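Peer 1: Below is the file structure-v6.txt, with compact mmCIF, C-alpha atoms.
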# COMPACT_ATOMS: atom_id res chain seq x y z
CA MET A 21 233.91 5.67 114.32
CA ILE A 22 232.68 8.23 116.85
CA TYR A 23 230.61 7.00 119.78
CA VAL A 24 228.27 9.58 121.32
CA ILE A 25 227.07 8.89 124.84
CA ASP A 26 223.62 10.45 125.17
CA HIS A 27 222.74 12.02 128.53
CA LYS A 28 219.09 12.35 127.43
CA ASP A 29 219.45 15.88 126.08
CA SER A 30 217.38 17.46 123.33
CA PHE A 31 220.62 18.62 121.66
CA THR A 32 222.21 15.18 121.43
CA HIS A 33 221.01 14.45 117.92
CA ASN A 34 222.26 17.84 116.77
CA VAL A 35 225.65 16.79 118.18
CA VAL A 36 225.36 13.46 116.31
CA HIS A 37 224.54 15.31 113.09
CA GLN A 38 227.49 17.70 113.47
CA PHE A 39 230.02 14.94 114.20
CA SER A 40 228.63 12.80 111.36
CA LEU A 41 229.97 15.41 108.93
CA PHE A 42 233.44 14.00 109.73
CA ASP A 43 233.02 10.28 110.47
CA ARG A 44 230.48 7.54 111.08
CA VAL A 45 228.66 8.13 114.38
CA GLU A 46 226.93 5.71 116.73
CA CYS A 47 224.88 6.98 119.67
CA ASP A 48 223.49 5.22 122.71
CA ASP A 49 221.87 6.25 125.98
CA PHE A 50 224.35 6.53 128.87
CA SER A 51 222.46 3.78 130.73
CA GLN A 52 222.60 1.38 127.76
CA ILE A 53 226.20 1.49 126.61
CA ASN A 54 227.14 -0.91 123.84
CA LYS A 55 230.57 -2.17 124.87
CA SER A 56 231.42 -3.39 121.38
CA LYS A 57 230.78 0.06 119.86
CA LEU A 58 232.60 1.73 122.73
CA ASN A 59 235.67 -0.45 122.20
CA LYS A 60 235.65 0.10 118.40
CA ALA A 61 235.28 3.89 118.59
CA SER A 62 238.27 6.10 117.91
CA THR A 63 236.53 9.05 119.62
CA ILE A 64 234.06 9.17 122.52
CA VAL A 65 231.77 12.19 122.84
CA PHE A 66 229.99 12.96 126.11
CA SER A 67 226.79 14.80 125.19
CA PRO A 68 225.01 17.66 126.91
CA GLY A 69 222.33 16.72 129.41
CA PRO A 70 220.28 17.75 132.42
CA GLY A 71 221.47 17.71 135.99
CA SER A 72 224.97 17.56 137.38
CA PRO A 73 227.99 15.35 136.59
CA LYS A 74 227.54 13.54 139.91
CA ASP A 75 224.25 12.17 138.46
CA TYR A 76 226.20 10.14 135.86
CA PRO A 77 228.66 7.78 137.61
CA LEU A 78 228.68 5.39 134.61
CA THR A 79 229.97 8.19 132.39
CA SER A 80 232.76 8.94 134.86
CA LYS A 81 233.65 5.25 134.85
CA ILE A 82 233.87 5.24 131.03
CA TYR A 83 235.98 8.39 131.08
CA ASN A 84 238.42 6.90 133.59
CA GLN A 85 238.60 3.63 131.65
CA PHE A 86 239.47 5.26 128.32
CA LYS A 87 241.48 8.32 129.38
CA GLY A 88 244.69 8.37 127.35
CA LYS A 89 243.47 5.48 125.17
CA LYS A 90 240.87 7.24 122.99
CA LYS A 91 240.19 10.81 121.95
CA MET A 92 237.37 12.25 124.08
CA VAL A 93 235.21 15.34 123.69
CA GLY A 94 232.78 16.75 126.24
CA ILE A 95 230.02 19.22 125.42
CA CYS A 96 228.25 21.23 128.13
CA LEU A 97 227.42 18.53 130.72
CA GLY A 98 230.09 16.42 129.01
CA PHE A 99 232.61 19.24 129.58
CA GLN A 100 231.61 19.32 133.24
CA GLN A 101 231.65 15.51 133.46
CA ILE A 102 235.26 15.27 132.30
CA LEU A 103 236.41 17.98 134.70
CA PHE A 104 234.38 16.43 137.55
CA SER A 105 236.06 13.08 136.82
CA GLU A 106 239.40 14.89 137.20
CA GLY A 107 238.43 16.07 140.68
CA ALA A 108 237.04 19.52 139.82
CA ARG A 109 234.10 21.06 141.61
CA ILE A 110 231.15 21.98 139.41
CA ILE A 111 229.02 24.71 140.98
CA GLU A 112 225.93 26.80 140.24
CA GLN A 113 226.39 30.09 138.43
CA ASN A 114 224.77 33.29 139.56
CA LYS A 115 223.20 33.69 136.12
CA ILE A 116 221.60 30.90 134.10
CA TYR A 117 222.56 30.80 130.42
CA HIS A 118 219.94 28.86 128.46
CA GLY A 119 219.76 29.89 124.82
CA PHE A 120 222.18 32.73 125.42
CA GLN A 121 224.86 33.93 123.01
CA SER A 122 228.19 35.02 124.55
CA GLU A 123 231.51 36.09 123.16
CA VAL A 124 234.50 33.93 124.07
CA GLU A 125 238.19 34.58 123.66
CA VAL A 126 240.92 32.03 122.97
CA ASN A 127 243.90 32.36 125.29
CA LYS A 128 247.59 31.59 124.77
CA SER A 129 247.39 28.10 126.29
CA SER A 130 245.40 26.80 123.29
CA LYS A 131 247.36 24.67 120.85
CA LEU A 132 244.40 24.26 118.45
CA PHE A 133 242.99 27.75 118.17
CA LYS A 134 244.61 31.13 117.56
CA ASN A 135 245.36 33.21 120.67
CA GLY A 136 243.15 36.29 120.91
CA ASN A 137 240.49 35.04 118.50
CA ARG A 138 237.00 35.96 119.62
CA PHE A 139 233.73 34.47 118.46
CA LYS A 140 230.15 34.03 119.56
CA VAL A 141 228.90 30.80 121.10
CA GLY A 142 225.58 29.34 122.23
CA ARG A 143 225.32 28.63 125.94
CA TYR A 144 222.79 26.40 127.71
CA HIS A 145 224.03 25.88 131.25
CA SER A 146 223.42 26.82 134.87
CA LEU A 147 226.58 25.17 136.26
CA LYS A 148 230.24 26.08 135.82
CA LEU A 149 233.74 25.00 136.75
CA GLU A 150 234.86 26.32 140.13
CA GLU A 151 238.29 27.83 139.86
CA PRO A 152 241.14 27.72 140.43
CA PHE A 153 241.46 24.41 138.60
CA HIS A 154 244.89 22.83 138.17
CA VAL A 155 245.22 19.32 136.80
CA LYS A 156 248.26 18.08 134.89
CA ASN A 157 247.94 18.42 131.09
CA PHE A 158 244.60 20.30 131.28
CA ASP A 159 244.53 23.92 130.10
CA ILE A 160 241.55 26.26 130.12
CA THR A 161 241.76 27.62 126.57
CA MET A 162 238.67 29.82 126.12
CA ARG A 163 236.84 32.14 128.48
CA CYS A 164 233.69 34.23 128.37
CA VAL A 165 234.81 37.78 127.53
CA ILE A 166 232.44 39.34 130.09
CA SER A 167 232.50 36.94 133.06
CA GLY A 168 235.81 35.11 132.57
CA VAL A 169 234.05 31.73 133.06
CA ALA A 170 235.93 28.75 131.58
CA MET A 171 234.39 27.85 128.22
CA SER A 172 236.87 25.33 126.82
CA PHE A 173 239.74 23.08 127.81
CA GLU A 174 242.40 21.11 125.98
CA ASN A 175 244.46 18.17 127.09
CA ASN A 176 246.61 17.61 124.01
CA ILE A 177 248.67 14.86 125.68
CA ASP A 178 245.71 12.55 126.33
CA LYS A 179 243.58 13.99 123.46
CA ILE A 180 240.74 15.18 125.71
CA TYR A 181 238.78 18.31 124.81
CA GLY A 182 235.71 20.08 126.09
CA PHE A 183 233.36 22.97 125.43
CA GLN A 184 231.07 24.45 128.07
CA PHE A 185 229.11 25.93 125.16
CA HIS A 186 227.34 24.06 122.35
CA PRO A 187 229.36 23.98 119.10
CA GLU A 188 226.34 22.40 117.35
CA SER A 189 224.03 25.30 118.23
CA PHE A 190 222.99 27.84 115.60
CA LEU A 191 224.10 30.46 118.15
CA THR A 192 227.72 29.29 117.82
CA ILE A 193 229.61 30.84 114.95
CA ASN A 194 231.91 28.31 113.21
CA GLY A 195 231.01 25.41 115.51
CA LYS A 196 231.71 22.98 112.68
CA LEU A 197 235.28 24.32 112.41
CA LEU A 198 235.83 23.84 116.16
CA ILE A 199 234.87 20.16 115.90
CA LYS A 200 236.92 19.66 112.72
CA LYS A 201 240.08 21.03 114.43
CA ILE A 202 239.63 18.71 117.41
CA LEU A 203 238.95 15.62 115.29
CA SER A 204 241.98 16.32 113.10
CA SER A 205 244.33 16.96 116.06
Please lay out the structure from this file as structure tokens.
Peer 2:
Amino acid sequence: MIYVIDHKDSFTHNVVHQFSLFDRVECDDFSQINKSKLNKASTIVFSPGPGSPKDYPLTSKIYNQFKGKKKMVGICLGFQQILFSEGARIIEQNKIYHGFQSEVEVNKSSKLFKNGNRFKVGRYHSLKLEEPFHVKNFDITMRCVISGVAMSFENNIDKIYGFQFHPESFLTINGKLLIKKILSS
């Protein structure tokens, strides 16, 4: 079972729909976590949402509690939330990307995706990871072709993955395949 933690985002139910193609999905608001569902889940997904990771201390607590014990996936705010919980700084970008399609490139540190592959993704964010970012077992695996901004990470040791973009968006080409590869890893 996949447990989606909803950060009150309009895309959350699109995320639920996409993940439900692969397994049963339960979804609850971040402020009303069902501990029984959380404990039963094999995968925890941190949804997109408004604001900044510092606005969601309960999500950071859940991340820290289950790191290395369950597979975790962060999307947009969820991507930022995981990195923030690892001590990263999340900062404002010069340009806001809401409903914007960008091309990303997979780099050699990815174990799940082929190095050099490029594809288009849907972006909906005004914040980004401040770099450099160096945390054990975390690799930035995709970057925006134009700006170089981090768009994905993999931690294959602890089974933690994140996308700054929205794989469930119609602007993302092959988003379903991205999720399938992570869930089958």
Peer 1: Work out how far CA of Ala61 in chain A is from CA of Asn34 in chain A, in Å to one decimal.
Peer 2: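 Distance reported for this atom pair: 19.2 Å.
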Peer 1: Can you work out the spacing between CA of Phe50 in chain A and CA of Ile82 in chain A in Å, to one decimal?
Peer 2: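 Interatomic distance here is 9.8 Å.
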Peer 1: Which is closest to Asp43 in chain A among A:Met21, A:Val124, A:Ser80, A:Val165, if we use all atoms listed in the file?
Peer 2: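 Distance minimum relative to Asp43 in chain A lands on A:Met21.
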Peer 1: Choose the residue, out of A:Met92, A:Ala170, A:Leu103, A:Val155, that has the smallest atom-to-atom separation from Asn127 in chain A; count only C-alpha atoms.
Peer 2: A:Ala170
Peer 1: So how many Å separate CA of Ile25 in chain A and CA of Phe173 in chain A, to one decimal?
Peer 2: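 Between CA of Ile25 in chain A and CA of Phe173 in chain A the gap works out to 19.3 Å.
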Peer 1: Fewer than 5 positions away in the same chain doesn't count, so skip those; otherwise give me all residues within 8 Å of Gly142 in chain A, counting all atoms listed in the file, as a ChimeraX atom specification.
Peer 2: /A:119-122,185-187,189-192
Peer 1: Return the single residue from A:Asn157, A:Gln101, A:Ser130, A:Asn175 that is closest to Gly69 in chain A, with distances computed using only C-alpha atoms.
Peer 2: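 Nearest to Gly69 in chain A: A:Gln101.
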